[in-house]
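S.K.: Structure incoming, see below.
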Amino acid sequence: MAGITLDSLTKSYGPTEVLHHIGADIEDGEFVVIVGPSGCGKSTLLRMIAGLESITSGEVFIGDKMVNGLEPADRDIAMVFQNYALYPHMTVRQNMAYGLKIRKMPKAEIDRRVQEAAEILEIAQYLDRKPRQLSGGQRQRVAMGRAIVRDPQVFLFDEPLSNLDAKLRVQMRLEIRKLQKRLGVTSIFVTHDQVEAMTLGDRLMVLNGGYVEQFGTPIELYERPASVFVAGFIGSPAMNFFRATADDLSVTLPNGAVVPTAQSARGGVICGLRPEHLVRDPSGPIEMEVELLEHLGGVTLLHGPLQGTDQQMVISLEGISEIQIGDSLRFSLPPELVHLFDAQTDRRIG
Amino acid sequence: MLKRVHFPASLLPYLLVAPQVIITLIFFIWPASQAVYQSFLIEDAFGFSTEFVWFENFEYLLQDDHYRDSFGRTIFFSAAVAFLSMSFALILAGFADRVIRGSTTYRTLLIWPYAVAPVLAGALFLFMFNPTIGIFPYLLEMVGYDWNHYLNGRQAMFLVIIAAAWKQVAYNFLFYLAAMQSIPRSIIEAAAIDGAGPIRRFATIIFPLISPTTFFLLVINAVYAFFETFGIIHAVTQGGPANSTTTLVYKVYNDGFIGLDLGGSAAQSVILMFMVIVMTVIQFRFIEKRVQY
Ligand SMILES: Nc1ncnc2c1ncn2[C@@H]1O[C@H](COP(=O)(O)OP(=O)(O)OP(=O)(O)O)[C@@H](O)[C@H]1O
Ligand SMILES: [Mg+2]
């Protein structure tokens with residue numbers, strides 16, 4: 001068992017630097033999710049940890065060992081790929097046993113491990129099939145099985161669920177989570193799906209344009225987003241942002257509404273309000289004209305402009321509401337739920 | 001019910017395929033039918049008389065020791081050419097697959113031999129191995145080996161095999177490289193993470209996955225060695241010494257144009273024709289089905 005330390009990891013392709021000084025301490029047994037938009041460098045970072053991509057500068061430690069110079073095979077890791085990367089000419093059993101055979105494990109031990117993993121993953125009845133005779137979800141399990149039989153120090157996952165349908169994705173997500181807790185293996189999971197990230201990770205690393213925006217628990221990211229990017233990325237529907245002017249413990253929105261805040265600031269700021277934090281309040285400062293209603297059953301989403309501006313916002317209300325399109329409604333929220341960010345740097349204030 | 005699209009009857013499509021049909025008729029069908037007809041005839045050496053003899057030419061061939069020898073020799077020759085050129089191409093492709101920078105140059109250079117005409121390829125090797133002026137006999141003599149493929153039948157065979165295989169390497173290389181590059185990178189990476197080194201990956205992952213290409217190339221190379229190496233043999237050894245490099249195709253030429261046994265030569269070419277047909281059928285069936293992993 002081992003933790004992972006990334007020390008100022010940098011990756012360049014020719015003159016373009018795609019990852020900039022990534023640093024992180026991942027604890028033994030922790031489940032870390034790397035999340036970010038397409039092209040932000042998630043796969044590259046994961047592949048550098050795996051040893052599939054060269055490291056331009058910086059260091060990777062697995063346990064206490066610096067692994068920069070080690071081949072993927074010598075890093076004691078297992079990886080699950082987006083397209084599963086099963087060996088098409090081998091049966092499920094052979095796929096799972098391949099790595100063990102190379103490590104010259106006794107036949108009886110290989111059989112035992114394969115059988116055990118197959119039972120955990122409920123693929124025991126497919127052991128003699130070829131990958132092409134399996135469904136996507138079953139292939140996904142085989143790929144997982146191939147990783148767990150090796151009993152590695154670290155699991156690496158590169159968007160392993162993105163080829164599955166929505167329902168299966170939710171199910172596999174839970175299973176991966178349970179399996180990881182049961183095995184206690186340090187894991188890094190790459191995804192661009194923020195819901196997946198929030199539900200899976202002990203901690204989330206939000207990457208954007210090759211920079212770490214924030215590294216923390218899902219709750220920290222939700223409650224204290226470190227930047228406008230994180231605030232907008234985490235949470236669904238996304239946070240509403242307004243340019244505003246702060247005056248100590250309040251901000252003035254573009255339409256002149258004054259909203260009390262817990263963060264103290266002055267001058268131009270970006271004010272972020274989560275759709276689910278706004279509550280109906282006839283004397284509230286924030287007024288919105290409802291242009292569109294989305295009834296999702298449990299919640300209702302109201303879309304429309306902030307009164308007096310053309311800036312669209314979303315508000316999420318519990319339950320099925322009687323609100324009509326065209327209504328003009330007022331809302332308020334507790335000061336500690338208002339997020340303020342520096343207008344220049346996009347970073348959180350205070 | 002689907003409506004059929006009706007095109008107005010027109011001469012144009014027929015005109016467009018006509019050149020191809022005419023070429024096929026003149027250069028393939030007509031000579032082939034002539035050969036079949038000839039194979040049933042016996043003609044005296046001066047062409048004064050011909051006699052229709054049904055399968056006598058074929059019967060004679062089957063009893064002819066020279067022909068049977070030539071058959072065995074051709075099979076050996078083909079197997080050697082196919083094996084040499086394919087294994088060499090496989091190794092080159094294995095390396096080229098790993099090269100990322102400068103790969104285009106590398107590939108282009110490797111393809112050049114394919115553009116060389118067989119006779120020229122033969123001539124190249126003829127010069128390199130010429131017992132008096134060639135570079136290789138000179139080098140071999142330094143290590144005490146006497147090279148003279150004009151006298152030594154084994155050496156002559158070796159030489160035509162090398163020349164024929166050399167020319168085919170480029171072709172095989174292209175197919176192997178394409179096949180290797182169509183294997184998803186992640187499968188190779190998964191094997192690397194599983195602990196397999198480059199050689200092991202090649203043996204247990206890459207080679208099995210490109211087996212359809214190997215099968216396809218086997219047929220292509222056999223056809224090549226059987227039928228398209230005439231130019232090389234003609235340039236290098238002319239079937240000699242003492243028939244030691246006379247393959248079936250060369251024998252057709254030799255018996256027909258040198259020995260003037262037109263009937264026997266035609267019968268041989270009919271047999272060859274039949275073999276091409278069989279190989280082509282095998283290949284087509286294979287291409288339709290593909291090899292299942
Ligand atoms: N071989 C390469 N040469 C040059 N640039 C590359 C190369 N591979 C990746 N990049 C660049 O590096 C950046 C990060 O790529 P990466 O594959 O890590 O993104 P990602 O976050 O995994 O995206 P996705 O969610 O789409 O998988 C991208 O901007 C990409 O264009
Ligand atoms: Mg990726």
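Residue numbering restarts at 1 for every chain of the structure tokens, chains are lettered A, B, ... in their displayed order, and ligands are numbered from 1 as they appear.
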Applying 9 Å and only C-alpha atoms, which residues near region 191-206 of chain B remain after dropping the ones on its own chain fewer than 2 positions away? List them as an MDAnalysis selection string.
M.R.: (chainID A and resid 50:52 71:79 87 89 98:100 102:103 146:147 150) or (chainID B and resid 94 180 183 186:189 208:211)
S.K.: Include C-alpha atoms and write out the residues we just selected as a tab-separated table (two decimals), in the first residue's frame.
M.R.:
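Output file selection-v7.tsv is given in full below:
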```tsv
chain	number	residue	atom	x	y	z
A	50	ALA	CA	1.49	5.40	-15.06
A	51	GLY	CA	4.77	5.85	-16.90
A	52	LEU	CA	3.15	5.87	-20.34
A	71	GLU	CA	8.93	1.45	-16.69
A	72	PRO	CA	5.13	1.17	-16.26
A	73	ALA	CA	5.61	-2.50	-15.44
A	74	ASP	CA	7.87	-1.69	-12.50
A	75	ARG	CA	5.61	0.90	-10.87
A	76	ASP	CA	3.22	-1.65	-9.39
A	77	ILE	CA	0.13	0.03	-10.80
A	78	ALA	CA	-2.88	-1.17	-12.73
A	79	MET	CA	-4.80	0.92	-15.18
A	87	TYR	CA	-6.71	-8.29	-25.49
A	89	HIS	CA	-7.62	-12.65	-29.01
A	98	TYR	CA	-1.84	-12.25	-18.49
A	99	GLY	CA	-0.08	-9.94	-16.04
A	100	LEU	CA	0.20	-12.66	-13.42
A	102	ILE	CA	4.33	-12.60	-16.83
A	103	ARG	CA	5.17	-12.21	-13.18
A	146	ARG	CA	-7.60	-7.48	-14.87
A	147	ALA	CA	-6.60	-4.60	-12.61
A	150	ARG	CA	-2.68	-7.93	-9.94
B	94	GLY	CA	8.05	-3.92	-35.66
B	180	MET	CA	0.39	-2.91	-36.50
B	183	ILE	CA	-3.91	-2.05	-33.17
B	186	SER	CA	-4.07	1.30	-25.35
B	187	ILE	CA	-3.87	-2.48	-25.84
B	188	ILE	CA	-0.11	-2.26	-26.15
B	189	GLU	CA	0.01	0.08	-23.18
B	208	PRO	CA	-1.48	-12.79	-32.84
B	209	LEU	CA	-3.47	-9.65	-33.64
B	210	ILE	CA	-1.92	-9.26	-37.08
B	211	SER	CA	-2.36	-12.92	-37.99
```
S.K.: Quick one: residues within 10 Å of region 167-174 of chain A, only C-alpha atoms, excluding same-chain residues fewer than 5 positions away - as a list in words?
M.R.: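 Using only C-alpha atoms, the neighbours found are Gly136, Gly137, Gln140, Arg141, Pro160, Leu161, Ser162, Leu179, Gln180, Val195, Glu196, Ala197, Thr199 and Leu200 of chain A.
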S.K.: Can you spit out the residues from that selection as an mmCIF file, in the first residue's frame, using all heavy atoms?
M.R.:
```
data_model
loop_
_atom_site.group_PDB
_atom_site.id
_atom_site.type_symbol
_atom_site.label_atom_id
_atom_site.label_comp_id
_atom_site.auth_asym_id
_atom_site.auth_seq_id
_atom_site.Cartn_x
_atom_site.Cartn_y
_atom_site.Cartn_z
ATOM 1 N N GLY A 136 -20.815 -4.090 -23.261
ATOM 2 C CA GLY A 136 -19.919 -3.032 -22.794
ATOM 3 C C GLY A 136 -19.692 -3.086 -21.291
ATOM 4 O O GLY A 136 -18.567 -2.990 -20.815
ATOM 5 N N GLY A 137 -20.785 -3.284 -20.552
ATOM 6 C CA GLY A 137 -20.669 -3.313 -19.099
ATOM 7 C C GLY A 137 -19.849 -4.498 -18.618
ATOM 8 O O GLY A 137 -19.054 -4.382 -17.684
ATOM 9 N N GLN A 140 -16.241 -3.854 -19.243
ATOM 10 C CA GLN A 140 -15.795 -2.928 -18.217
ATOM 11 C C GLN A 140 -15.384 -3.695 -16.957
ATOM 12 O O GLN A 140 -14.350 -3.439 -16.366
ATOM 13 C CB GLN A 140 -16.947 -1.954 -17.959
ATOM 14 C CG GLN A 140 -16.810 -1.101 -16.752
ATOM 15 C CD GLN A 140 -15.580 -0.268 -16.828
ATOM 16 O OE1 GLN A 140 -15.263 0.268 -17.873
ATOM 17 N NE2 GLN A 140 -14.866 -0.177 -15.730
ATOM 18 N N ARG A 141 -16.198 -4.684 -16.616
ATOM 19 C CA ARG A 141 -15.879 -5.492 -15.438
ATOM 20 C C ARG A 141 -14.619 -6.304 -15.648
ATOM 21 O O ARG A 141 -13.817 -6.471 -14.725
ATOM 22 C CB ARG A 141 -17.032 -6.459 -15.136
ATOM 23 C CG ARG A 141 -18.177 -5.803 -14.456
ATOM 24 C CD ARG A 141 -19.413 -6.659 -14.623
ATOM 25 N NE ARG A 141 -20.582 -5.840 -14.400
ATOM 26 C CZ ARG A 141 -21.143 -5.686 -13.219
ATOM 27 N NH1 ARG A 141 -20.668 -6.324 -12.187
ATOM 28 N NH2 ARG A 141 -22.181 -4.904 -13.083
ATOM 29 N N PRO A 160 -13.260 5.435 -17.284
ATOM 30 C CA PRO A 160 -13.649 4.071 -17.620
ATOM 31 C C PRO A 160 -15.155 3.908 -17.835
ATOM 32 O O PRO A 160 -15.582 2.903 -18.372
ATOM 33 C CB PRO A 160 -13.199 3.265 -16.394
ATOM 34 C CG PRO A 160 -13.231 4.235 -15.274
ATOM 35 C CD PRO A 160 -12.872 5.560 -15.866
ATOM 36 N N LEU A 161 -15.937 4.881 -17.430
ATOM 37 C CA LEU A 161 -17.393 4.697 -17.508
ATOM 38 C C LEU A 161 -18.017 5.447 -18.677
ATOM 39 O O LEU A 161 -19.217 5.359 -18.895
ATOM 40 C CB LEU A 161 -18.044 5.168 -16.201
ATOM 41 C CG LEU A 161 -17.500 4.521 -14.930
ATOM 42 C CD1 LEU A 161 -18.243 5.032 -13.710
ATOM 43 C CD2 LEU A 161 -17.601 3.010 -15.014
ATOM 44 N N SER A 162 -17.204 6.172 -19.432
ATOM 45 C CA SER A 162 -17.822 7.086 -20.396
ATOM 46 C C SER A 162 -18.429 6.370 -21.588
ATOM 47 O O SER A 162 -19.204 6.953 -22.330
ATOM 48 C CB SER A 162 -16.808 8.130 -20.856
ATOM 49 O OG SER A 162 -15.707 7.476 -21.420
ATOM 50 N N LEU A 179 -15.841 -1.292 -4.282
ATOM 51 C CA LEU A 179 -14.681 -2.142 -4.482
ATOM 52 C C LEU A 179 -13.425 -1.467 -3.961
ATOM 53 O O LEU A 179 -12.593 -2.085 -3.296
ATOM 54 C CB LEU A 179 -14.540 -2.416 -5.975
ATOM 55 C CG LEU A 179 -13.610 -3.540 -6.374
ATOM 56 C CD1 LEU A 179 -14.143 -4.850 -5.839
ATOM 57 C CD2 LEU A 179 -13.507 -3.598 -7.885
ATOM 58 N N GLN A 180 -13.314 -0.178 -4.247
ATOM 59 C CA GLN A 180 -12.116 0.545 -3.824
ATOM 60 C C GLN A 180 -12.040 0.598 -2.305
ATOM 61 O O GLN A 180 -10.989 0.399 -1.719
ATOM 62 C CB GLN A 180 -12.115 1.948 -4.435
ATOM 63 C CG GLN A 180 -10.770 2.653 -4.366
ATOM 64 C CD GLN A 180 -10.587 3.459 -3.096
ATOM 65 O OE1 GLN A 180 -11.558 3.760 -2.405
ATOM 66 N NE2 GLN A 180 -9.343 3.790 -2.780
ATOM 67 N N VAL A 195 -20.629 15.118 -11.706
ATOM 68 C CA VAL A 195 -21.428 14.308 -10.779
ATOM 69 C C VAL A 195 -20.653 13.059 -10.387
ATOM 70 O O VAL A 195 -20.567 12.685 -9.212
ATOM 71 C CB VAL A 195 -22.785 13.934 -11.410
ATOM 72 C CG1 VAL A 195 -23.573 13.043 -10.464
ATOM 73 C CG2 VAL A 195 -23.577 15.182 -11.754
ATOM 74 N N GLU A 196 -20.053 12.418 -11.410
ATOM 75 C CA GLU A 196 -19.221 11.257 -11.158
ATOM 76 C C GLU A 196 -18.108 11.617 -10.172
ATOM 77 O O GLU A 196 -17.829 10.884 -9.221
ATOM 78 C CB GLU A 196 -18.607 10.813 -12.486
ATOM 79 C CG GLU A 196 -18.352 9.341 -12.604
ATOM 80 C CD GLU A 196 -18.072 8.993 -14.058
ATOM 81 O OE1 GLU A 196 -19.040 8.804 -14.811
ATOM 82 O OE2 GLU A 196 -16.887 8.939 -14.444
ATOM 83 N N ALA A 197 -17.483 12.760 -10.418
ATOM 84 C CA ALA A 197 -16.371 13.188 -9.574
ATOM 85 C C ALA A 197 -16.826 13.378 -8.132
ATOM 86 O O ALA A 197 -16.201 12.884 -7.194
ATOM 87 C CB ALA A 197 -15.776 14.484 -10.120
ATOM 88 N N THR A 199 -19.422 12.135 -6.542
ATOM 89 C CA THR A 199 -19.889 10.955 -5.827
ATOM 90 C C THR A 199 -18.768 9.965 -5.555
ATOM 91 O O THR A 199 -18.826 9.208 -4.598
ATOM 92 C CB THR A 199 -20.993 10.232 -6.611
ATOM 93 O OG1 THR A 199 -20.532 10.044 -7.946
ATOM 94 C CG2 THR A 199 -22.266 11.028 -6.628
ATOM 95 N N LEU A 200 -17.733 9.949 -6.399
ATOM 96 C CA LEU A 200 -16.687 8.941 -6.244
ATOM 97 C C LEU A 200 -15.571 9.356 -5.303
ATOM 98 O O LEU A 200 -15.071 8.554 -4.525
ATOM 99 C CB LEU A 200 -16.068 8.628 -7.607
ATOM 100 C CG LEU A 200 -16.725 7.544 -8.435
ATOM 101 C CD1 LEU A 200 -16.042 7.476 -9.790
ATOM 102 C CD2 LEU A 200 -16.637 6.200 -7.745
#
```
S.K.: Produce as a PyMOL selection string the set of residues near ligand 1, where near means within 10 Å with only C-alpha atoms and all ligand atoms considered.
M.R.: chain A and resi 11-19+34-48+53+82+158-159+190-193+207-210
S.K.: Go through region 48-93 of chain B and collect every residue that DSSP, computed from the backbone, puts in alpha helix (DSSP H); the answer should be as an NGL selection string.
M.R.: :B and (56-63 or 65-93)
S.K.: Please list as a JSON list (two decimals) with N, CA, C and O atoms, in the first residue's frame every residue within 10 Å of Gly239 (chain B), counting only C-alpha atoms and excluding residues in the same chain fewer than 4 positions away.
M.R.:
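The file below, out_35.json, is the result:
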```json
[["chain", "number", "residue", "atom", "x", "y", "z"],
["B", 153, "GLY", "N", 25.01, -25.03, -57.74],
["B", 153, "GLY", "CA", 23.55, -24.92, -57.81],
["B", 153, "GLY", "C", 22.92, -24.39, -56.53],
["B", 153, "GLY", "O", 21.98, -23.61, -56.55],
["B", 156, "ALA", "N", 23.42, -20.74, -56.38],
["B", 156, "ALA", "CA", 22.55, -20.08, -57.36],
["B", 156, "ALA", "C", 21.14, -19.96, -56.78],
["B", 156, "ALA", "O", 20.49, -18.90, -56.87],
["B", 157, "MET", "N", 20.65, -21.03, -56.17],
["B", 157, "MET", "CA", 19.32, -21.01, -55.56],
["B", 157, "MET", "C", 19.26, -19.97, -54.46],
["B", 157, "MET", "O", 18.32, -19.16, -54.39],
["B", 160, "VAL", "N", 18.98, -16.42, -56.01],
["B", 160, "VAL", "CA", 17.66, -16.00, -56.52],
["B", 160, "VAL", "C", 16.66, -15.84, -55.38],
["B", 160, "VAL", "O", 15.78, -14.97, -55.44],
["B", 230, "PHE", "N", 9.97, -14.62, -62.57],
["B", 230, "PHE", "CA", 10.62, -15.00, -63.81],
["B", 230, "PHE", "C", 11.76, -14.03, -64.15],
["B", 230, "PHE", "O", 12.88, -14.44, -64.47],
["B", 233, "ILE", "N", 14.92, -14.54, -62.05],
["B", 233, "ILE", "CA", 15.65, -15.77, -62.37],
["B", 233, "ILE", "C", 16.31, -15.66, -63.75],
["B", 233, "ILE", "O", 17.47, -16.04, -63.94],
["B", 234, "HIS", "N", 15.57, -15.06, -64.66],
["B", 234, "HIS", "CA", 16.11, -14.91, -66.01],
["B", 234, "HIS", "C", 17.37, -14.06, -65.98],
["B", 234, "HIS", "O", 18.36, -14.35, -66.65],
["B", 235, "ALA", "N", 17.34, -12.99, -65.19],
["B", 235, "ALA", "CA", 18.49, -12.09, -65.15],
["B", 235, "ALA", "C", 19.66, -12.71, -64.40],
["B", 235, "ALA", "O", 20.82, -12.51, -64.77],
["B", 243, "ASN", "N", 19.80, -26.60, -64.38],
["B", 243, "ASN", "CA", 18.39, -26.53, -63.98],
["B", 243, "ASN", "C", 18.18, -26.31, -62.48],
["B", 243, "ASN", "O", 17.06, -26.45, -61.99],
["B", 244, "SER", "N", 19.23, -25.99, -61.73],
["B", 244, "SER", "CA", 19.06, -25.94, -60.28],
["B", 244, "SER", "C", 18.20, -24.77, -59.83],
["B", 244, "SER", "O", 17.77, -24.71, -58.68],
["B", 245, "THR", "N", 17.95, -23.80, -60.70],
["B", 245, "THR", "CA", 17.02, -22.72, -60.32],
["B", 245, "THR", "C", 15.85, -22.63, -61.29],
["B", 245, "THR", "O", 15.23, -21.60, -61.42],
["B", 246, "THR", "N", 15.58, -23.73, -62.00],
["B", 246, "THR", "CA", 14.46, -23.73, -62.92],
["B", 246, "THR", "C", 13.16, -23.97, -62.16],
["B", 246, "THR", "O", 12.85, -25.09, -61.78],
["B", 247, "THR", "N", 12.45, -22.90, -61.90],
["B", 247, "THR", "CA", 11.14, -23.05, -61.25],
["B", 247, "THR", "C", 10.10, -23.32, -62.32],
["B", 247, "THR", "O", 10.41, -23.31, -63.52],
["B", 250, "TYR", "N", 9.78, -20.68, -64.96],
["B", 250, "TYR", "CA", 10.94, -20.61, -65.83],
["B", 250, "TYR", "C", 10.95, -21.79, -66.79],
["B", 250, "TYR", "O", 11.35, -21.68, -67.94],
["B", 251, "LYS", "N", 10.45, -22.90, -66.32],
["B", 251, "LYS", "CA", 10.41, -24.10, -67.16],
["B", 251, "LYS", "C", 9.43, -23.93, -68.31],
["B", 251, "LYS", "O", 9.67, -24.40, -69.41],
["B", 254, "ASN", "N", 11.39, -21.99, -70.73],
["B", 254, "ASN", "CA", 12.51, -22.77, -71.24],
["B", 254, "ASN", "C", 12.06, -23.84, -72.21],
["B", 254, "ASN", "O", 12.58, -23.94, -73.32]]
```
S.K.: Work out how far apart CA of Phe286 (chain B) and CA of Asp128 (chain A) are and give it in Å to one decimal.
M.R.: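 A separation of 25.9 Å between them.
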S.K.: Grab the CA of Trp54 (chain B) to CA of Ser39 (chain B) distance for me, in Å with one decimal place.
M.R.: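 It comes out at 8.1 Å.
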S.K.: Set the distance at 7 Å and use only C-alpha atoms: which residues neighbour Ile270 (chain A) once local chain neighbours fewer than 3 positions away are removed? I'd like the list as a PyMOL selection string.
M.R.: chain A and resi 241-244+340-343
S.K.: For the selection you just gave me, I'd like the residues written to a file as a PDB file, in the first residue's frame, keeping N, CA and C atoms.
M.R.:
```pdb
ATOM      1  N   PHE A 241     -23.433  33.818 -11.994  1.00  0.00           N
ATOM      2  CA  PHE A 241     -22.398  34.817 -11.709  1.00  0.00           C
ATOM      3  C   PHE A 241     -22.846  36.202 -12.153  1.00  0.00           C
ATOM      4  N   PHE A 242     -22.544  37.192 -11.336  1.00  0.00           N
ATOM      5  CA  PHE A 242     -22.822  38.587 -11.699  1.00  0.00           C
ATOM      6  C   PHE A 242     -21.601  39.431 -11.398  1.00  0.00           C
ATOM      7  N   ARG A 243     -21.346  40.392 -12.275  1.00  0.00           N
ATOM      8  CA  ARG A 243     -20.341  41.402 -11.920  1.00  0.00           C
ATOM      9  C   ARG A 243     -20.997  42.323 -10.895  1.00  0.00           C
ATOM     10  N   ALA A 244     -20.294  42.610  -9.841  1.00  0.00           N
ATOM     11  CA  ALA A 244     -20.917  43.389  -8.772  1.00  0.00           C
ATOM     12  C   ALA A 244     -19.880  44.295  -8.122  1.00  0.00           C
ATOM     13  N   LEU A 340     -17.911  35.375  -3.247  1.00  0.00           N
ATOM     14  CA  LEU A 340     -17.286  36.512  -3.916  1.00  0.00           C
ATOM     15  C   LEU A 340     -15.916  36.133  -4.459  1.00  0.00           C
ATOM     16  N   PHE A 341     -15.658  36.555  -5.690  1.00  0.00           N
ATOM     17  CA  PHE A 341     -14.371  36.274  -6.333  1.00  0.00           C
ATOM     18  C   PHE A 341     -13.777  37.572  -6.844  1.00  0.00           C
ATOM     19  N   ASP A 342     -12.460  37.611  -6.824  1.00  0.00           N
ATOM     20  CA  ASP A 342     -11.751  38.785  -7.332  1.00  0.00           C
ATOM     21  C   ASP A 342     -12.038  38.936  -8.835  1.00  0.00           C
ATOM     22  N   ALA A 343     -12.419  40.149  -9.247  1.00  0.00           N
ATOM     23  CA  ALA A 343     -12.789  40.350 -10.647  1.00  0.00           C
ATOM     24  C   ALA A 343     -11.585  40.208 -11.573  1.00  0.00           C
TER      25      ALA A 343
END
```
S.K.: List the spatial neighbours of Glu213 (chain A) as a PyMOL selection string - criterion: any atom at most 8 Å away, only C-alpha atoms, same-chain residues fewer than 6 positions off excluded.
M.R.: chain A and resi 205-207+226-227+229-230
S.K.: Taking only C-alpha atoms and all ligand atoms into account, name the residue in A:Ser321, A:Val269, A:Ser283, A:Phe81 that is nearest to ligand 2.
M.R.: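 Of all the options, A:Phe81 lies closest to ligand 2.
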S.K.: Work out how far apart CA of Gln155 (chain B) and CA of Gly72 (chain B) are and give it in Å to one decimal.
M.R.: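 Result for CA of Gln155 (chain B) versus CA of Gly72 (chain B): 17.3 Å, one decimal.
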